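Chemist: Below you'll find the structure I mean.
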Amino acid sequence: MDSIVTCEGVTKTFGEGELAVHALKNVNINILPGDFATLAGPSGSGKTTLLNMVGALDLPSSGQVTVAGQKLADMKPAELSDLRLHKIGFVFQSYNLVPVMSASENIEFVLELQGVPAKDRRKLSLEALRDVGLEGLEHRRPAAMSGGQQQRVAVARALVSRPSIVLADEPTANLDSTSAGELIDLMLKLNDEHGTTFLIGTHDPRVLERSRRQINMLDGEVESDTRH
Amino acid sequence: MTGAFGTLTPLAWRNLWRNPRRTVITLIVVSIGLWSILFFNSFMIGWMQSSKDAALKLLTGDGQIHAVGYMDDPNVDAFMPAPTPALLAALNSDVFADWTQRIQAPGVVQSEYKTLPINIMGVDPAAERRISTIPGMVTDGRYLESSEDDGVILGKHLVERLKTGLGRRVILMSQSADGTLAERSFDVVGIFDADQGVEDFYAFTGLSASQGFLGLTDEIAQIVVTLPQEAELDPSIKTLRDAAPELDVRSWKELNLFLATTDTFMGAFIFIWLGIVFSLMAIGIVNTQLMAVFERTQEFGLLRALGMKPRRVLLMVSIESAMLIGTGVLLGALIAALTIWSLSGGIDLTAYAQALEMMQGGSIIYLDYHLDGFVLFSLLIWILGVLVALWPARRASKCSPVEAMRRDT
């Protein structure tokens with residue numbers, strides 16, 4: 001089976017000389033279609049840096065990252081934007097939604113960037129909200145929603161264009177246990193029903209205990225890679 | 001691109017009201033800035049028109065004809081003959097609203113107490129009533145009744161200096177056509193109240209009376225013309241030059257250099273004012289937009305992470321700036337229009353009459369505006385504002401998603 005994400009000898013160094021910080025050291029991983037994988041490890045272990053590399057938000061100092069068959073190092077900034085737009089869904093820890101847009105508008109905005117016609121955008125966004133259990137909240141702005149609801153909208157936005165992979169960075173960090181549990185349930189359900197691939201950076205045990213593949217990181221290196 | 005505008009425009013409007021206080025402050029800065037430009041432009045045009053009317057309708061007219069050499073040494077030897085048929089045809093054509101001919105000779109006026117230098121003006125009273133404001137300025141006695149009227153009209157200040165008065169006699173002296181000294185006593189039949197410069201240096205009597213006094217037959221010193229409203233000055237003056245090539249034809253701009261220079265300066269001044277106001281506005285616009293961009297760094301990072309291209313971020317922020325400045329421009333233009341409309345009865349500056357006298361201005365300024373000026377200055381402010389706001393917009397578009405998202409994590 002072809003990998004959706006391949007990292008080969010990925011190294012990322014911030015700064016130079018004595019001030020250099022090696023955030024990633026020779027990381028090699030493959031994410032397969034349908035994976036529900038977590039990147040686990042303490043703060044500073046390189047989870048977010050690796051997610052940035054895989055998400056085409058940043059480029060490695062050395063090594064090769066391939067996403068959906070495309071080598072990121074060979075791509076121009078505009079092509080990287082297109083890759084993020086069409087192939088990758090993002091769920092961040094915080095500041096996930098544009099505050100002046102309603103739930104459905106936040107989702108439609110991505111579709112509009114993709115060039116989806118207006119009449120289809122509305123339909124798709126409502127479907128996505130229904131999939132994440134937020135039917136009827138399409139007109140609510142982020143400020144009028146709970147943290148869990150906001151994360152669900154972010155998941156809906158990440159999934160609406162059927163990306164190759166959804167990258168989530170500490171998605172449950174700001175949620176209470178009920179909301180966190182519901183979000184994990186939702187992501188697992190989407191993984192089961194739609195085969196959506198997830199790569200989640202987290203050190204939240206609530207997520208890790210339900211992970212189907214756990215990649216442990218420490219000091220910028222992959223310590224272990226276990227399938228459950 | 002149309003789709004992008006459709007999505008980004010309502011988004012931009014909402015973004016503007018995320019910080020209402022900042023938006024309102026920017027709107028106030030832009031609208032007051034534009035208001036000041038439009039109002040002062042209107043005031044300058046009105047003031048210039050008032051100054052021109054006051055100065056030109058007094059004696060100068062829109063143009064004058066003299067014999068060559070008269071302007072260098074204005075004496076009786078440099079007078080010109082009565083207009084030729086060709087010149088008369090031009091003067092009576094539709095090119096000119098009106099015209100008259102005058103005697104103007106240097107001389108002195110003498111009372112029992114004092115002798116003072118004076119310009120002796122021989123005028124056709126009927127024509128002067130149409131062309132000049134002097135007849136309307138007679139406050140005591142009467143204006144001249146005919147060309148043969150040998151009474152004299154003196155300025156109020158001159159009368160005070162001569163210690164003479166209405167009904168008394170003064171002696172006018174000047175060089176006559178034969179080179180001898182002409183001297184005759186005249187009854188003071190009227191006193192006019194004008195600018196002090198005019199009051200002190202002009203004494204008016206009938207045209208025929210003055211020609212007789214100076215030993216002339218039909219010679220004159222000058223022909224004064226006025227133009228219909230909106231008529232072009234230069235082509236009209238050329239008509240006269242073509243009709244009387246042997247004479248010295250000058251427009252008011254050549255006759256009154258101070259007024260002409262002021263006219264030119266006023267045109268330039270509004271652009272200087274625009275530059276000053278816009279510089280201040282630009283600082284305000286850039287400052288507030290930079291703050292808005294800085295506050296939304298994470299949002300731009302999110303949008304970039306989701307796949308929004310830098311040029312689209314630039315477009316989004318530029319639309320916000322365009323809407324913000326455009327709203328300010330509309331408000332400014334509206335307030336300026338209301339101000340000008342509310343002052344359509346004129347601004348009475350009688351309290352500053354002496355200062356205005358120095359500036360050759362009228363005491364009531366009627367604000368004058370031209371729609372093209374309103375549109376031009378409004379568009380200029382809007383376009384320049386959007387251009388300076390490109391800097392913060394560019395900063396937003398250069399926002400790195402990683403750096404932006406890192407701020408909160």
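Here's how to read the names in the structure tokens: chain A, B, ... by the order shown, residue numbers from 1 in each chain, ligand numbers from 1 in the order shown.
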Output as a ChimeraX atom specification all residues of segment 48-146 of chain A that backbone DSSP marks as strand (DSSP E or B).
Modeler: /A:62-67,70-71,88-91
Chemist: Find the nearest atom pair between each residue of chain A and chain B for residues within 10 Å, count only C-alpha atoms, give distances in Å to one decimal, sort rows by chain and ascending number, and present the table as a Markdown table.
Modeler:
```
| residue | atom | partner | partner_atom | distance |
| --- | --- | --- | --- | --- |
| A:Thr48 | CA | B:Arg406 | CA | 9.6 |
| A:Thr49 | CA | B:Val402 | CA | 9.1 |
| A:Asn52 | CA | B:Val402 | CA | 7.2 |
| A:Met53 | CA | B:Val402 | CA | 9.9 |
| A:Gly55 | CA | B:Ala305 | CA | 8.3 |
| A:Ala56 | CA | B:Ala305 | CA | 8.5 |
| A:Leu57 | CA | B:Val402 | CA | 6.1 |
| A:Asp58 | CA | B:Val402 | CA | 6.9 |
| A:Pro77 | CA | B:Lys309 | CA | 8.6 |
| A:Ala78 | CA | B:Lys309 | CA | 6.5 |
| A:Glu79 | CA | B:Lys309 | CA | 9.5 |
| A:Leu80 | CA | B:Gly307 | CA | 7.9 |
| A:Ser81 | CA | B:Gly307 | CA | 4.4 |
| A:Asp82 | CA | B:Gly307 | CA | 5.9 |
| A:Leu83 | CA | B:Gly307 | CA | 7.5 |
| A:Arg84 | CA | B:Gly307 | CA | 5.1 |
| A:Leu85 | CA | B:Gly307 | CA | 4.2 |
| A:His86 | CA | B:Gly307 | CA | 8.0 |
| A:Lys87 | CA | B:Gly307 | CA | 9.9 |
| A:Ile88 | CA | B:Leu306 | CA | 8.3 |
| A:Gly89 | CA | B:Leu306 | CA | 7.5 |
| A:Phe90 | CA | B:Leu306 | CA | 7.1 |
| A:Val91 | CA | B:Leu306 | CA | 9.8 |
| A:Phe92 | CA | B:Met405 | CA | 8.7 |
| A:Gln93 | CA | B:Thr409 | CA | 8.1 |
| A:Ser94 | CA | B:Asp408 | CA | 7.8 |
| A:Tyr95 | CA | B:Gln298 | CA | 7.2 |
| A:Asn96 | CA | B:Leu302 | CA | 7.0 |
| A:Leu97 | CA | B:Leu302 | CA | 8.0 |
| A:Val98 | CA | B:Glu299 | CA | 6.6 |
| A:Pro99 | CA | B:Glu299 | CA | 8.8 |
| A:Val100 | CA | B:Arg14 | CA | 6.2 |
| A:Met101 | CA | B:Leu11 | CA | 7.5 |
| A:Glu105 | CA | B:Thr7 | CA | 9.6 |
| A:Glu108 | CA | B:Thr7 | CA | 9.7 |
| A:Phe109 | CA | B:Thr7 | CA | 7.8 |
| A:Val110 | CA | B:Leu306 | CA | 7.2 |
| A:Glu112 | CA | B:Ala4 | CA | 7.9 |
| A:Leu113 | CA | B:Met308 | CA | 6.9 |
| A:Gln114 | CA | B:Gly307 | CA | 8.9 |
| A:Gly115 | CA | B:Gly3 | CA | 8.5 |
| A:Pro117 | CA | B:Gly3 | CA | 9.1 |
| A:Ala118 | CA | B:Gly3 | CA | 8.8 |
| A:Arg157 | CA | B:Leu306 | CA | 9.6 |
| A:Ala158 | CA | B:Leu306 | CA | 8.8 |
| A:Glu170 | CA | B:Thr409 | CA | 10.0 |
```
Chemist: Restricting the calculation to only C-alpha atoms: of B:Val109, B:Phe258, B:Trp252, B:Val225, which residue gets closest to Phe186 of chain B?
Modeler: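 That would be B:Val109, the residue with the smallest distance to Phe186 of chain B.
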Chemist: Interatomic distance between atom CA of Leu259 of chain B and atom CA of Gln49 of chain B?
Modeler: 10.5 Å
Chemist: Using only C-alpha atoms, pick whichever of A:Glu193, A:Asp169, A:Asp219, A:Glu182 has the shortest atom-to-atom distance to Leu51 of chain A.
Modeler: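 Selected residue with least distance to Leu51 of chain A: A:Asp169.
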Chemist: Which polymer residues have any atom within 9 Å of an atom of Ala128 of chain A, counting only C-alpha atoms, with same-chain residues fewer than 3 positions away left out, as number ranges by chain?
Modeler: A: 104, 107, 123-125, 131-135, 153, 155-157, 159-160
Chemist: Got time to write the residues from that selection, N, CA and C atoms, as a short mmCIF file (atom, residue, chain, number, x, y, z; two decimals), in the first residue's frame?
Modeler:
```
data_model
loop_
_atom_site.label_atom_id
_atom_site.label_comp_id
_atom_site.auth_asym_id
_atom_site.auth_seq_id
_atom_site.Cartn_x
_atom_site.Cartn_y
_atom_site.Cartn_z
N SER A 104 -20.78 27.53 9.50
CA SER A 104 -20.85 27.07 8.10
C SER A 104 -19.94 27.92 7.20
N ILE A 107 -16.43 26.74 7.18
CA ILE A 107 -16.24 25.55 6.34
C ILE A 107 -16.30 25.93 4.86
N LYS A 123 -24.30 23.27 0.67
CA LYS A 123 -24.76 21.88 0.89
C LYS A 123 -23.67 21.07 1.59
N LEU A 124 -22.44 21.20 1.11
CA LEU A 124 -21.34 20.42 1.68
C LEU A 124 -21.06 20.82 3.13
N SER A 125 -21.14 22.12 3.41
CA SER A 125 -20.83 22.57 4.76
C SER A 125 -21.88 22.07 5.75
N ASP A 131 -22.27 15.70 10.04
CA ASP A 131 -21.36 14.58 10.32
C ASP A 131 -20.68 14.71 11.68
N VAL A 132 -20.44 15.96 12.09
CA VAL A 132 -19.75 16.14 13.38
C VAL A 132 -20.75 16.47 14.50
N GLY A 133 -22.02 16.29 14.20
CA GLY A 133 -23.05 16.46 15.22
C GLY A 133 -23.38 17.89 15.57
N LEU A 134 -23.21 18.79 14.64
CA LEU A 134 -23.50 20.21 14.92
C LEU A 134 -24.62 20.74 14.03
N GLU A 135 -25.50 19.86 13.67
CA GLU A 135 -26.63 20.28 12.83
C GLU A 135 -27.42 21.36 13.57
N VAL A 153 -16.21 21.93 14.65
CA VAL A 153 -16.31 22.70 13.40
C VAL A 153 -14.97 22.60 12.66
N VAL A 155 -12.87 20.17 12.78
CA VAL A 155 -12.80 18.83 12.18
C VAL A 155 -13.65 18.79 10.91
N ALA A 156 -14.85 19.36 11.00
CA ALA A 156 -15.73 19.39 9.83
C ALA A 156 -15.06 20.13 8.67
N ARG A 157 -14.41 21.24 8.99
CA ARG A 157 -13.72 22.00 7.95
C ARG A 157 -12.56 21.18 7.37
N LEU A 159 -12.37 18.04 7.12
CA LEU A 159 -12.81 16.85 6.38
C LEU A 159 -13.65 17.18 5.15
N VAL A 160 -14.17 18.38 5.08
CA VAL A 160 -15.19 18.68 4.07
C VAL A 160 -14.68 18.47 2.64
#
```
Chemist: Which distance in Å separates atom CA of Gly385 of chain B and atom CA of Ile325 of chain B, to one decimal?
Modeler: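 Interatomic distance, atom CA of Gly385 of chain B to atom CA of Ile325 of chain B: 6.5 Å.
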Chemist: Calculate how many Å separate atom CA of Leu129 of chain A from atom CA of Arg213 of chain A, rounding to one decimal.
Modeler: 27.1 Å
